[in-house]
Amino acid sequence: MIEINLDHIAQQSTFRHIHPGTKLFLALGSLIICLVSPSPVVPVVSGIVLSLILIIPGRLSPLHYAKILLGPAVFLIMSIIVLLFMHGGGDVIWQFPVFWINCSITTGAVRESILVLCRVFGCSVSLFFIVLTTPMTDLFNGMKQAHIPIELIDLMMIVYRFIFIFYSQTVEIWQAQVMRLGYRRPKEAIRSFSMLCGMLFISSWSAGEDLIHAMDCRCYNGVFPVLDQTEPVQMSSFIPVLVYLTGLCGILVLATQPVGAIL
Amino acid sequence: MNIILEARDIRYHYPGSNEAIKGISFHIRKGEKIALVGPNGVGKSTLLQMFNGMIRPDSGLMLFDNKPICYDSAFLRQLRKRVGYVLQNSDRQIIAPTVYQDVAFGPANLGYDETLIREKVTLALRHVGLEGFERRPPHHLSGGEKKRVAIAGILAMDPDVLVFDEPTSDLDPSGSEDLMDLLDELNQEGKTVIISTHDVELAYPWADRVILLLDGKILQEDVPDVAFGNPENVRKAHLSVPTLLELSHELGRRGFVQPERKPRSILDMIHIIENLVIHSGATPKPGTISVCDVDIECYPPLLEWIASRQNLSIGAMGTRAKQRASQEQLTLEFTYGVIDKCILRALRGQDSLILTTSSMADRVIRRVEAYGRESGTSITVTPLNSSDQPLYPANL
C-alpha cells in the first residue's frame with residue numbers, strides 16, 4: 001500500500017516523457033536566476049509561472065500542490081520573523097522593548113525579508129518542478145551522464161527500490177499495532193514505536209540477505225544495468241524553455257534598472 | 001529422456017538447527033513438469049535452492065546435466081545461467097528501480113552487449129505480456145505483474161530449467177491460472193519446470209510427476225494420480241486428495257467401473273461419466289474448433305470471420321493472445337483450461353475459436369486429435385492461419 005507521494009506524482013506527470021535534461025535546464029535555470037535577482041519581482045514571476053505550468057497543463061491538483069508548498073512555508077515563516085528583527089538599515093517602523101533589549105523593525109529589514117521570501121518561493125517552486133515532473137529513475141540516468149561514480153548510483157538505486165518496500169512494511173506493522181491499540185497512551189506509544197523499529201531492523205536484515213540471494217541467482221558480477229531509454233531532447237519542449245528563461249533574464253535586467261526598481 | 005538434475009542422498013541442516021533435508025535422492029528429466037508438494041516447513045524451499053547451488057548440501061551429491069555441481073564461482077555462474085530460480089516473494093527478487101533494469105540485470109551480468117541485452121529484455125517482457133512496462137517502477141505494479149517481472153528477469157537469461165518457489169502463493173485465482181498457463185507455455189518450449197506448492201488442486205492436473213515431501217524426506221514420487229491417490233500418504237503429508245480424484249474414487253466405490261487412467265481434468269471426468277450413462281437418443285454431431293495464431297496476420301480479418309459465425313465461443317491461451325483479444329474488444333469465454341473447455345463445447349455440438357501463439361497452436365491441434373483417438377469421437381480442428389499456409393481457412 002503506497003499512498004500518494006511525490007514519486008507517484010512524478011510518475012503520473014504529463015511532463016514525464018519530456019527529456020529530463022530539458023526539465024533540469026528549466027528548473028536549474030530559473031533557480032539560478034531567482035537566486036541572483038536583487039529584485040523580488042523575478043522570483044515571484046518565475047514561481048507563479050512554474051506553478052501555473054504544474055497545475056494547468058500538468059494537471060496537478062491545486063489543493064495537493066498547496067499542501068506540498070506548505071512544508072517549506074512553515075520553515076520560511078519562522079525564518080522571516082527572525083530576519084525582520086535581525087536586519088537593520090532604513091527608518092524604524094515599529095519598536096518595542098523586551099526586557100532590556102530594544103526590538104525594532106526597519107524599512108531595510110522589511111525590504112530584505114520580502115526579497116528572501118520571494119527568493120525562497122521562486123527557488124522552492126523550481127525544485128518542486130523537478131521533483132514533481134521527473135521520477136528518480138530518470139534522474140539516475142542523468143547522474144550517470146554527469147559521471148557521478150557508478151557505485152554511488154548503484155547504491156542509490158537499491159536504496160530507492162527498498163524505500164518503498166520498507167515503507168509499506170512500516171505501514172503494515174504500524175496498522176497492526178494501531179488495531180491492537182498500541183498507541184493509546186504515551187507509554188504504550190513509546191513501547192510500540194520501539195517494537196516497530198526492532199521489527200523493521202530484523203526485516204531489513206532478512207531483506208538484505210534475500211537481496212544478495214536474488215542477485216546471486218542472476219549471476220551478479222558487479223554490473224547494475226541502467227535504463228538509458230529516454231527520449232531525445234525535443235525542440236518542441238526545449239525551445240519554449242529557452243524562450244521562458246530568456247524572458248526571465250529580460251525581467252531580471254529590467255527589474256535591476258533604476259527605473260524598474262520598485263522597492 | 002535425458003536426466004538434467006539429479007540428487008543422490010542429499011543431507012542438509014541449517015546452522016544451529018535440526019536436519020532440514022534427511023537423505024533425498026531423485027532425478028528430473030529434461031522437459032518434465034515436476035511439482036514438489038508438501039506442507040509448510042518440510043524443506044521444499046531448501047531443496048529448490050540446491051538446484052542452482054544457493055545451498056550446498058552437507059553430504060550427498062547434486063548433479064546437473066550428469067556433472068556433479070562444483071561450488072566454485074565459475075561453475076556456479078554457469079549453473080545459475082542454466083537453472084533460473086524465481087523466489088516466492090517477488091518484492092524481494094526485484095532489485096532494480098525500473099522493470100527494464102530489473103529484467104536486464106541477468107543479461108548485463110552475463111556480460112552481453114547493449115543491443116543483445118535490449119533484445120533479451122524485449123523478448124522476455126513480450127513473453128510474460130508486459131510490453132510497454134519498461135520504465136515503470138516495481139512499486140507501481142500489482143502482485144501478478146511483479147511476479148511476471150520476476151519471471152521475465154529469469155527468462156532473459158534463457159535458462160533450461162525454471163525453478164519456482166510457491167509461484168501462486170500471492171496471486172488471485174485468475175492470476176494463478178494465467179501463471180500456470182505461462183508455465184505450460186514455457187514447458188512447451190522445451191524448458192524443464194519445477195515448482196514447489198502445497199496447492200494439490202494446482203499440482204494435480206499440471207504436473208507430469210509429483211514428489212511428496214515430508215519431514216525432509218521423500219514420502220512418495222510418482223505420477224499425480226498415484227502420488228495423490230494414496231489417502232494414507234496424503235493425510236500424513238497434511239494435504240488433501242484432489243477433488244477430481246476423490247470423485248473418481250467415490251464413483252469406483254459405488255460400483256461404477258473406473259478406467260485405468262484417472263481423470264486429470266473436467267473433460268476426462270465428463271468422458272468417464274458419459275461412458276457410464278447409457279447413451280439415450282443420438283449424440284449431437286460434434287462442433288468444430290478453430291485455432292487462430294495471433295502472431296500471424298489473419299485473412300480474412302479475424303473480426304469479420306468471427307462476425308460471420310453464429311454461436312461461437314472464444315478462448316485465449318497465453319498472455320499475448322489475451323492482449324490481442326482485448327485490443328480487438330473480443331469477449332473471451334475461456335481464459336484458462338481453454339482446450340478442454342473447447343472440447344467440452346464441441347461435444348455438445350457447438351463451435352469455438354482458440355486464440356493462441358505459434359508455440360501453442362500445434363499443441364492445441366495435437367491435444368484435440370489425441371482426445372479424438374482416445375474417445376472415438378472426431379472433432380474437427382482447423383487452423384485459421386498457420387505459418388505454412390497463411391491464407392484462407394478451409395471452412396470459409
# chains A, B, ... in the order shown; residues from 1 in each chain; ligands from 1

call {"tool": "select_by_dssp", "arguments": {"residues": "region 239-354 of chain B", "states": "helix (DSSP H, G or I)", "output": "PyMOL selection string"}}
result
chain B and resi 243-253+266-276+302-307+319-327+338-347

call {"tool": "interface_residues", "arguments": {"of": "chain B", "to": "chain A", "cutoff": "7 Å", "atoms": "only C-alpha atoms", "output": "ChimeraX atom specification"}}
result
/B:77,80-81,85,92-93,95-97,100-101,104-106,108-110,139

call {"tool": "select_by_dssp", "arguments": {"residues": "region 80-170 of chain A", "states": "strand (DSSP E or B)", "output": "PyMOL selection string"}}
result
chain A and resi 92-98+101-106

call {"tool": "closest_residue", "arguments": {"among": "A:Gly250, A:Gly58, A:Gly90, A:Gly182", "to": "Met195 (chain A)", "atoms": "only C-alpha atoms"}}
result
A:Gly182

call {"tool": "residues_around", "arguments": {"residues": "Val381 (chain B)", "least_positions_apart": "4", "cutoff": "9 Å", "atoms": "only C-alpha atoms", "output": "compact mmCIF listing (two decimals) with C-alpha atoms, in the first residue's frame"}}
result
# COMPACT_ATOMS: atom_id res chain seq x y z
CA THR B 288 -15.58 -27.60 -34.63
CA ILE B 289 -12.62 -25.91 -33.03
CA SER B 290 -10.76 -23.24 -34.97
CA VAL B 291 -7.30 -22.15 -33.94
CA VAL B 364 -3.96 -27.43 -29.40
CA ILE B 365 -4.32 -29.49 -32.54
CA VAL B 368 -7.70 -32.37 -29.67
CA GLU B 369 -6.62 -35.12 -32.02

call {"tool": "atom_distance", "arguments": {"atom1": "CA of Cys103 (chain A)", "atom2": "CA of Phe85 (chain A)"}}
result
6.6 Å

call {"tool": "atom_distance", "arguments": {"atom1": "CA of Ile21 (chain B)", "atom2": "CA of Arg209 (chain B)"}}
result
20.2 Å

call {"tool": "atom_distance", "arguments": {"atom1": "CA of Phe193 (chain A)", "atom2": "CA of Pro72 (chain A)"}}
result
27.0 Å

call {"tool": "closest_residue", "arguments": {"among": "B:Gly318, B:Pro242, B:Gly43, B:Gly84", "to": "Phe228 (chain B)", "atoms": "only C-alpha atoms"}}
result
B:Pro242

call {"tool": "closest_residue", "arguments": {"among": "A:Val243, A:Leu60, A:Leu254, A:Val82", "to": "Ser39 (chain A)", "atoms": "only C-alpha atoms"}}
result
A:Leu254

call {"tool": "residues_around", "arguments": {"residues": "Leu186 (chain B)", "least_positions_apart": "6", "cutoff": "10 Å", "atoms": "only C-alpha atoms", "output": "list in words"}}
result
Gly31, His127, Leu155, Asp160, Val161, Leu162, Met180, Thr192, Val193, Ser359 and Met360 of chain B

call {"tool": "decode", "arguments": {"residues": "region 116-223 of chain A", "atoms": "C-alpha atoms", "output": "short mmCIF file (atom, residue, chain, number, x, y, z; two decimals), in the first residue's frame"}}
result
data_model
loop_
_atom_site.label_atom_id
_atom_site.label_comp_id
_atom_site.auth_asym_id
_atom_site.auth_seq_id
_atom_site.Cartn_x
_atom_site.Cartn_y
_atom_site.Cartn_z
CA VAL A 116 14.17 36.50 0.88
CA LEU A 117 10.54 35.43 0.97
CA CYS A 118 10.19 35.80 -2.78
CA ARG A 119 13.51 34.13 -3.50
CA VAL A 120 12.64 31.12 -1.35
CA PHE A 121 9.25 30.90 -3.05
CA GLY A 122 10.79 31.04 -6.52
CA CYS A 123 13.53 28.56 -5.70
CA SER A 124 11.21 26.10 -3.94
CA VAL A 125 8.86 26.08 -6.89
CA SER A 126 11.80 25.47 -9.24
CA LEU A 127 12.90 22.49 -7.17
CA PHE A 128 9.37 21.15 -6.82
CA PHE A 129 9.02 21.45 -10.57
CA ILE A 130 11.82 18.91 -10.99
CA VAL A 131 10.58 16.70 -8.17
CA LEU A 132 7.00 16.64 -9.44
CA THR A 133 7.78 16.02 -13.11
CA THR A 134 10.88 13.84 -13.15
CA PRO A 135 10.87 10.43 -11.47
CA MET A 136 14.02 9.36 -9.62
CA THR A 137 14.67 6.71 -12.24
CA ASP A 138 15.18 9.40 -14.87
CA LEU A 139 17.43 11.33 -12.53
CA PHE A 140 19.65 8.24 -12.04
CA ASN A 141 20.17 8.32 -15.75
CA GLY A 142 21.11 11.97 -15.64
CA MET A 143 23.53 11.25 -12.80
CA LYS A 144 25.24 8.60 -14.88
CA GLN A 145 25.61 11.05 -17.74
CA ALA A 146 27.02 13.58 -15.27
CA HIS A 147 29.74 11.00 -14.44
CA ILE A 148 28.80 10.55 -10.81
CA PRO A 149 30.64 7.39 -9.62
CA ILE A 150 28.65 4.35 -10.72
CA GLU A 151 29.00 2.64 -7.33
CA LEU A 152 27.19 5.55 -5.73
CA ILE A 153 24.39 5.43 -8.28
CA ASP A 154 24.00 1.63 -7.88
CA LEU A 155 23.69 2.11 -4.17
CA MET A 156 21.16 4.90 -4.62
CA MET A 157 19.11 2.74 -6.94
CA ILE A 158 18.97 -0.11 -4.44
CA VAL A 159 18.13 2.30 -1.64
CA TYR A 160 15.41 3.86 -3.78
CA ARG A 161 13.94 0.45 -4.56
CA PHE A 162 13.90 -0.57 -0.91
CA ILE A 163 12.45 2.66 0.46
CA PHE A 164 9.07 1.61 -0.88
CA ILE A 165 9.33 -1.94 0.42
CA PHE A 166 10.22 -0.74 3.90
CA TYR A 167 7.66 1.99 3.78
CA SER A 168 4.86 -0.47 3.07
CA GLN A 169 6.25 -2.78 5.75
CA THR A 170 6.27 0.05 8.26
CA VAL A 171 2.69 0.88 7.40
CA GLU A 172 1.69 -2.76 7.88
CA ILE A 173 3.38 -3.07 11.27
CA TRP A 174 2.02 0.28 12.36
CA GLN A 175 -1.51 -0.68 11.36
CA ALA A 176 -1.21 -3.98 13.20
CA GLN A 177 -0.17 -2.05 16.29
CA VAL A 178 -2.88 0.58 15.99
CA MET A 179 -5.52 -2.13 15.54
CA ARG A 180 -4.49 -3.53 18.88
CA LEU A 181 -4.48 -0.07 20.48
CA GLY A 182 -0.71 0.20 20.55
CA TYR A 183 -0.59 3.98 20.53
CA ARG A 184 -3.30 4.79 23.04
CA ARG A 185 -1.15 6.13 25.86
CA PRO A 186 2.24 7.83 25.60
CA LYS A 187 3.99 5.00 27.42
CA GLU A 188 2.46 2.39 25.13
CA ALA A 189 3.25 4.54 22.14
CA ILE A 190 6.94 4.61 23.03
CA ARG A 191 6.97 0.86 23.55
CA SER A 192 5.11 0.21 20.30
CA PHE A 193 7.40 2.52 18.38
CA SER A 194 10.49 0.76 19.69
CA MET A 195 8.96 -2.56 18.69
CA LEU A 196 8.23 -1.19 15.23
CA CYS A 197 11.86 -0.13 14.86
CA GLY A 198 13.09 -3.52 16.04
CA MET A 199 10.82 -5.40 13.65
CA LEU A 200 11.88 -3.17 10.81
CA PHE A 201 15.52 -3.81 11.58
CA ILE A 202 15.02 -7.57 11.55
CA SER A 203 13.03 -7.49 8.33
CA SER A 204 15.58 -5.26 6.63
CA TRP A 205 18.27 -7.69 7.70
CA SER A 206 16.44 -10.60 6.09
CA ALA A 207 15.61 -8.46 3.06
CA GLY A 208 19.32 -7.77 2.73
CA GLU A 209 20.06 -11.48 2.72
CA ASP A 210 17.35 -12.07 0.15
CA LEU A 211 18.78 -9.27 -1.96
CA ILE A 212 22.17 -10.99 -2.11
CA HIS A 213 20.39 -14.24 -2.85
CA ALA A 214 18.35 -12.66 -5.64
CA MET A 215 21.44 -11.04 -7.14
CA ASP A 216 23.43 -14.28 -6.96
CA CYS A 217 20.60 -16.14 -8.66
CA ARG A 218 21.10 -13.88 -11.62
CA CYS A 219 24.88 -14.19 -11.78
CA TYR A 220 25.68 -10.85 -10.15
CA ASN A 221 29.07 -9.77 -11.36
CA GLY A 222 29.19 -6.15 -10.34
CA VAL A 223 27.07 -4.82 -13.17
#
